[in-house]
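Peer 1: Below are the structure tokens for one structure; questions will follow.
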Amino acid sequence: MKRTVRTAVSALTVAGLALGLGACSEAAEKAADQVDKSVNESYEVTYEVTGKAVESIDYHAGDGTAMAPKVETEKKPATPWKKTVKLKGIMPPAVMPISLDPSDLTCKVIYQGKVIKEAKAEQAMAGGCVAVSPVVG
């Protein structure tokens, strides 16, 4: 009798593992599909910078790769400054202003009319405005 119970329990365990692994495989496949979609999808953001004495503005303009985006620079831009760019997949939108007087400096990243990242004064110069790609979420 014990042998029959042990065999039945073993069979159920194996069946449970097979079903569990099948579900994990399906979840992994869905995750891979989502990553592929995110990597291939493109999106537009608008960068805005305001303030006095802005010396330069660096920003991701869409060239390069997600892990090594090409940074473009505008020297001595007139403010308020605004630029709309098309980025790819998981590439993070980023704008980094440099100002001689950061007290009134502001940078923003806008996606579909909503501000997804904003920084002011010293924070705007220290790290700029770097957001997570909106197609990742």
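Numbering starts fresh at 1 for the residues of each chain in the structure tokens, the chains themselves are lettered A, B, ... in the order given, and ligands are numbered from 1 as they appear.
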Residues near range 99-110 of chain A, anyone? I mean within 6 Å using only C-alpha atoms, not counting same-chain ones fewer than 3 positions away, as a list of chain:residue names.
Peer 2: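 Using only C-alpha atoms, the neighbours found are A:Val45, A:Thr46, A:Tyr47, A:Glu48, A:Val49, A:Thr50, A:Gly51, A:Ala53, A:Val54, A:Glu55, A:Gly113, A:Lys114, A:Val115, A:Ile116, A:Lys117, A:Glu118, A:Ala119, A:Lys120, A:Ala121, A:Glu122.
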Peer 1: Between CA of Lys76 in chain A and CA of Tyr111 in chain A, what is the distance in Å, rounded to a tenth?
Peer 2: 25.2 Å
Peer 1: Rank A:Ser56, A:Ala66, A:Ser133, A:Ala94 by their smallest atom-to-atom distance to Ala78 in chain A, using only C-alpha atoms, and report the top residue only.
Peer 2: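 Using only C-alpha atoms, Ala78 in chain A sits closest to A:Ser56.
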Peer 1: Quick one: of A:Tyr59, A:Gly128, A:Thr65, A:Pro97, who's nearest to Thr79 in chain A, counting only C-alpha atoms?
Peer 2: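 Counting only C-alpha atoms, the residue closest to Thr79 in chain A is A:Pro97.
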Peer 1: Would you return as a list in words the members of range 64-114 of chain A that DSSP assigns to strand (DSSP E) on this structure's backbone?
Peer 2: Gly64, Pro69, Lys70, Val71, Glu72, Thr73, Glu74, Lys75, Trp81, Lys82, Lys83, Thr84, Val85, Lys86, Leu87, Lys88, Ala94, Val95, Met96, Pro97, Ile98, Ser99, Thr106, Cys107, Lys108, Val109, Ile110, Tyr111 and Lys114 of chain A
Peer 1: Just write the chosen residues, N, CA, C and O atoms, as a tab-separated table (two decimals), in the first residue's frame.
Peer 2:
```tsv
chain	number	residue	atom	x	y	z
A	64	GLY	N	22.47	56.33	-32.20
A	64	GLY	CA	23.20	55.46	-31.30
A	64	GLY	C	22.33	54.29	-30.86
A	64	GLY	O	21.36	53.95	-31.53
A	69	PRO	N	23.53	55.97	-26.24
A	69	PRO	CA	22.88	56.96	-27.10
A	69	PRO	C	23.84	58.06	-27.51
A	69	PRO	O	24.71	58.46	-26.73
A	70	LYS	N	23.68	58.53	-28.74
A	70	LYS	CA	24.49	59.65	-29.21
A	70	LYS	C	23.96	60.93	-28.56
A	70	LYS	O	22.76	61.18	-28.53
A	71	VAL	N	24.86	61.71	-28.03
A	71	VAL	CA	24.49	62.97	-27.37
A	71	VAL	C	24.79	64.11	-28.33
A	71	VAL	O	25.90	64.23	-28.84
A	72	GLU	N	23.79	64.94	-28.57
A	72	GLU	CA	23.98	66.14	-29.39
A	72	GLU	C	24.06	67.34	-28.45
A	72	GLU	O	23.52	67.30	-27.34
A	73	THR	N	24.72	68.40	-28.92
A	73	THR	CA	24.94	69.58	-28.09
A	73	THR	C	24.53	70.83	-28.85
A	73	THR	O	24.85	70.98	-30.03
A	74	GLU	N	23.85	71.72	-28.15
A	74	GLU	CA	23.57	73.05	-28.68
A	74	GLU	C	24.34	74.04	-27.81
A	74	GLU	O	24.17	74.06	-26.59
A	75	LYS	N	25.20	74.84	-28.42
A	75	LYS	CA	26.01	75.84	-27.71
A	75	LYS	C	25.29	77.18	-27.69
A	75	LYS	O	24.71	77.59	-28.69
A	81	TRP	N	14.24	77.25	-24.55
A	81	TRP	CA	14.67	76.33	-25.61
A	81	TRP	C	13.75	75.13	-25.61
A	81	TRP	O	13.37	74.62	-24.54
A	82	LYS	N	13.40	74.66	-26.81
A	82	LYS	CA	12.49	73.53	-26.95
A	82	LYS	C	12.94	72.69	-28.14
A	82	LYS	O	13.29	73.24	-29.18
A	83	LYS	N	12.93	71.36	-27.96
A	83	LYS	CA	13.34	70.46	-29.04
A	83	LYS	C	12.53	69.17	-28.94
A	83	LYS	O	12.46	68.56	-27.87
A	84	THR	N	11.92	68.75	-30.06
A	84	THR	CA	11.21	67.48	-30.11
A	84	THR	C	12.06	66.49	-30.88
A	84	THR	O	12.57	66.80	-31.96
A	85	VAL	N	12.24	65.30	-30.29
A	85	VAL	CA	13.08	64.26	-30.91
A	85	VAL	C	12.33	62.93	-30.91
A	85	VAL	O	11.42	62.71	-30.12
A	86	LYS	N	12.75	62.06	-31.82
A	86	LYS	CA	12.19	60.72	-31.91
A	86	LYS	C	13.25	59.74	-31.40
A	86	LYS	O	14.37	59.70	-31.92
A	87	LEU	N	12.90	59.00	-30.34
A	87	LEU	CA	13.83	58.04	-29.73
A	87	LEU	C	13.35	56.63	-29.99
A	87	LEU	O	12.18	56.41	-30.33
A	88	LYS	N	14.25	55.67	-29.80
A	88	LYS	CA	13.95	54.27	-30.08
A	88	LYS	C	13.88	53.45	-28.80
A	88	LYS	O	14.76	53.55	-27.94
A	94	ALA	N	16.76	62.21	-22.36
A	94	ALA	CA	17.63	62.95	-21.43
A	94	ALA	C	18.01	64.29	-22.01
A	94	ALA	O	18.34	64.40	-23.20
A	95	VAL	N	17.96	65.32	-21.16
A	95	VAL	CA	18.41	66.66	-21.53
A	95	VAL	C	19.21	67.20	-20.33
A	95	VAL	O	18.79	67.07	-19.19
A	96	MET	N	20.41	67.75	-20.63
A	96	MET	CA	21.32	68.19	-19.58
A	96	MET	C	21.85	69.59	-19.88
A	96	MET	O	22.76	69.75	-20.67
A	97	PRO	N	21.25	70.62	-19.26
A	97	PRO	CA	21.71	71.99	-19.50
A	97	PRO	C	22.88	72.38	-18.60
A	97	PRO	O	23.02	71.87	-17.49
A	98	ILE	N	23.71	73.28	-19.10
A	98	ILE	CA	24.81	73.86	-18.32
A	98	ILE	C	24.59	75.37	-18.32
A	98	ILE	O	24.44	75.99	-19.37
A	99	SER	N	24.58	75.96	-17.11
A	99	SER	CA	24.31	77.39	-16.99
A	99	SER	C	25.32	78.03	-16.03
A	99	SER	O	25.72	77.42	-15.05
A	106	THR	N	15.66	75.42	-15.37
A	106	THR	CA	14.69	74.34	-15.32
A	106	THR	C	14.82	73.51	-16.59
A	106	THR	O	14.97	74.06	-17.69
A	107	CYS	N	14.76	72.19	-16.44
A	107	CYS	CA	14.71	71.31	-17.61
A	107	CYS	C	13.52	70.37	-17.44
A	107	CYS	O	13.16	70.01	-16.31
A	108	LYS	N	12.92	70.01	-18.58
A	108	LYS	CA	11.76	69.12	-18.57
A	108	LYS	C	11.85	68.14	-19.73
A	108	LYS	O	12.37	68.47	-20.79
A	109	VAL	N	11.29	66.93	-19.50
A	109	VAL	CA	11.07	65.96	-20.56
A	109	VAL	C	9.56	65.76	-20.61
A	109	VAL	O	8.93	65.43	-19.60
A	110	ILE	N	8.99	65.97	-21.80
A	110	ILE	CA	7.53	65.90	-21.96
A	110	ILE	C	7.20	64.79	-22.95
A	110	ILE	O	7.77	64.73	-24.05
A	111	TYR	N	6.28	63.91	-22.55
A	111	TYR	CA	5.83	62.81	-23.40
A	111	TYR	C	4.31	62.85	-23.47
A	111	TYR	O	3.65	62.85	-22.43
A	114	LYS	N	2.54	65.32	-21.20
A	114	LYS	CA	2.74	65.23	-19.76
A	114	LYS	C	4.22	65.30	-19.42
A	114	LYS	O	5.04	64.68	-20.08
```
Peer 1: What lies within 10 Å of Pro134 in chain A using only C-alpha atoms, ignoring chain neighbours under 5 positions off, as a ChimeraX atom specification?
Peer 2: /A:38,42-45,89-93,111-112,116
Peer 1: CA of Pro80 in chain A to CA of Asp63 in chain A: how many Å, to one decimal?
Peer 2: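 The value is 24.3 Å.
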Peer 1: Check the smallest atom-to-atom distance from each of A:Pro77, A:Val130, A:Gln123, A:Val135 to Lys52 in chain A using only C-alpha atoms, then report the winner.
Peer 2: A:Pro77
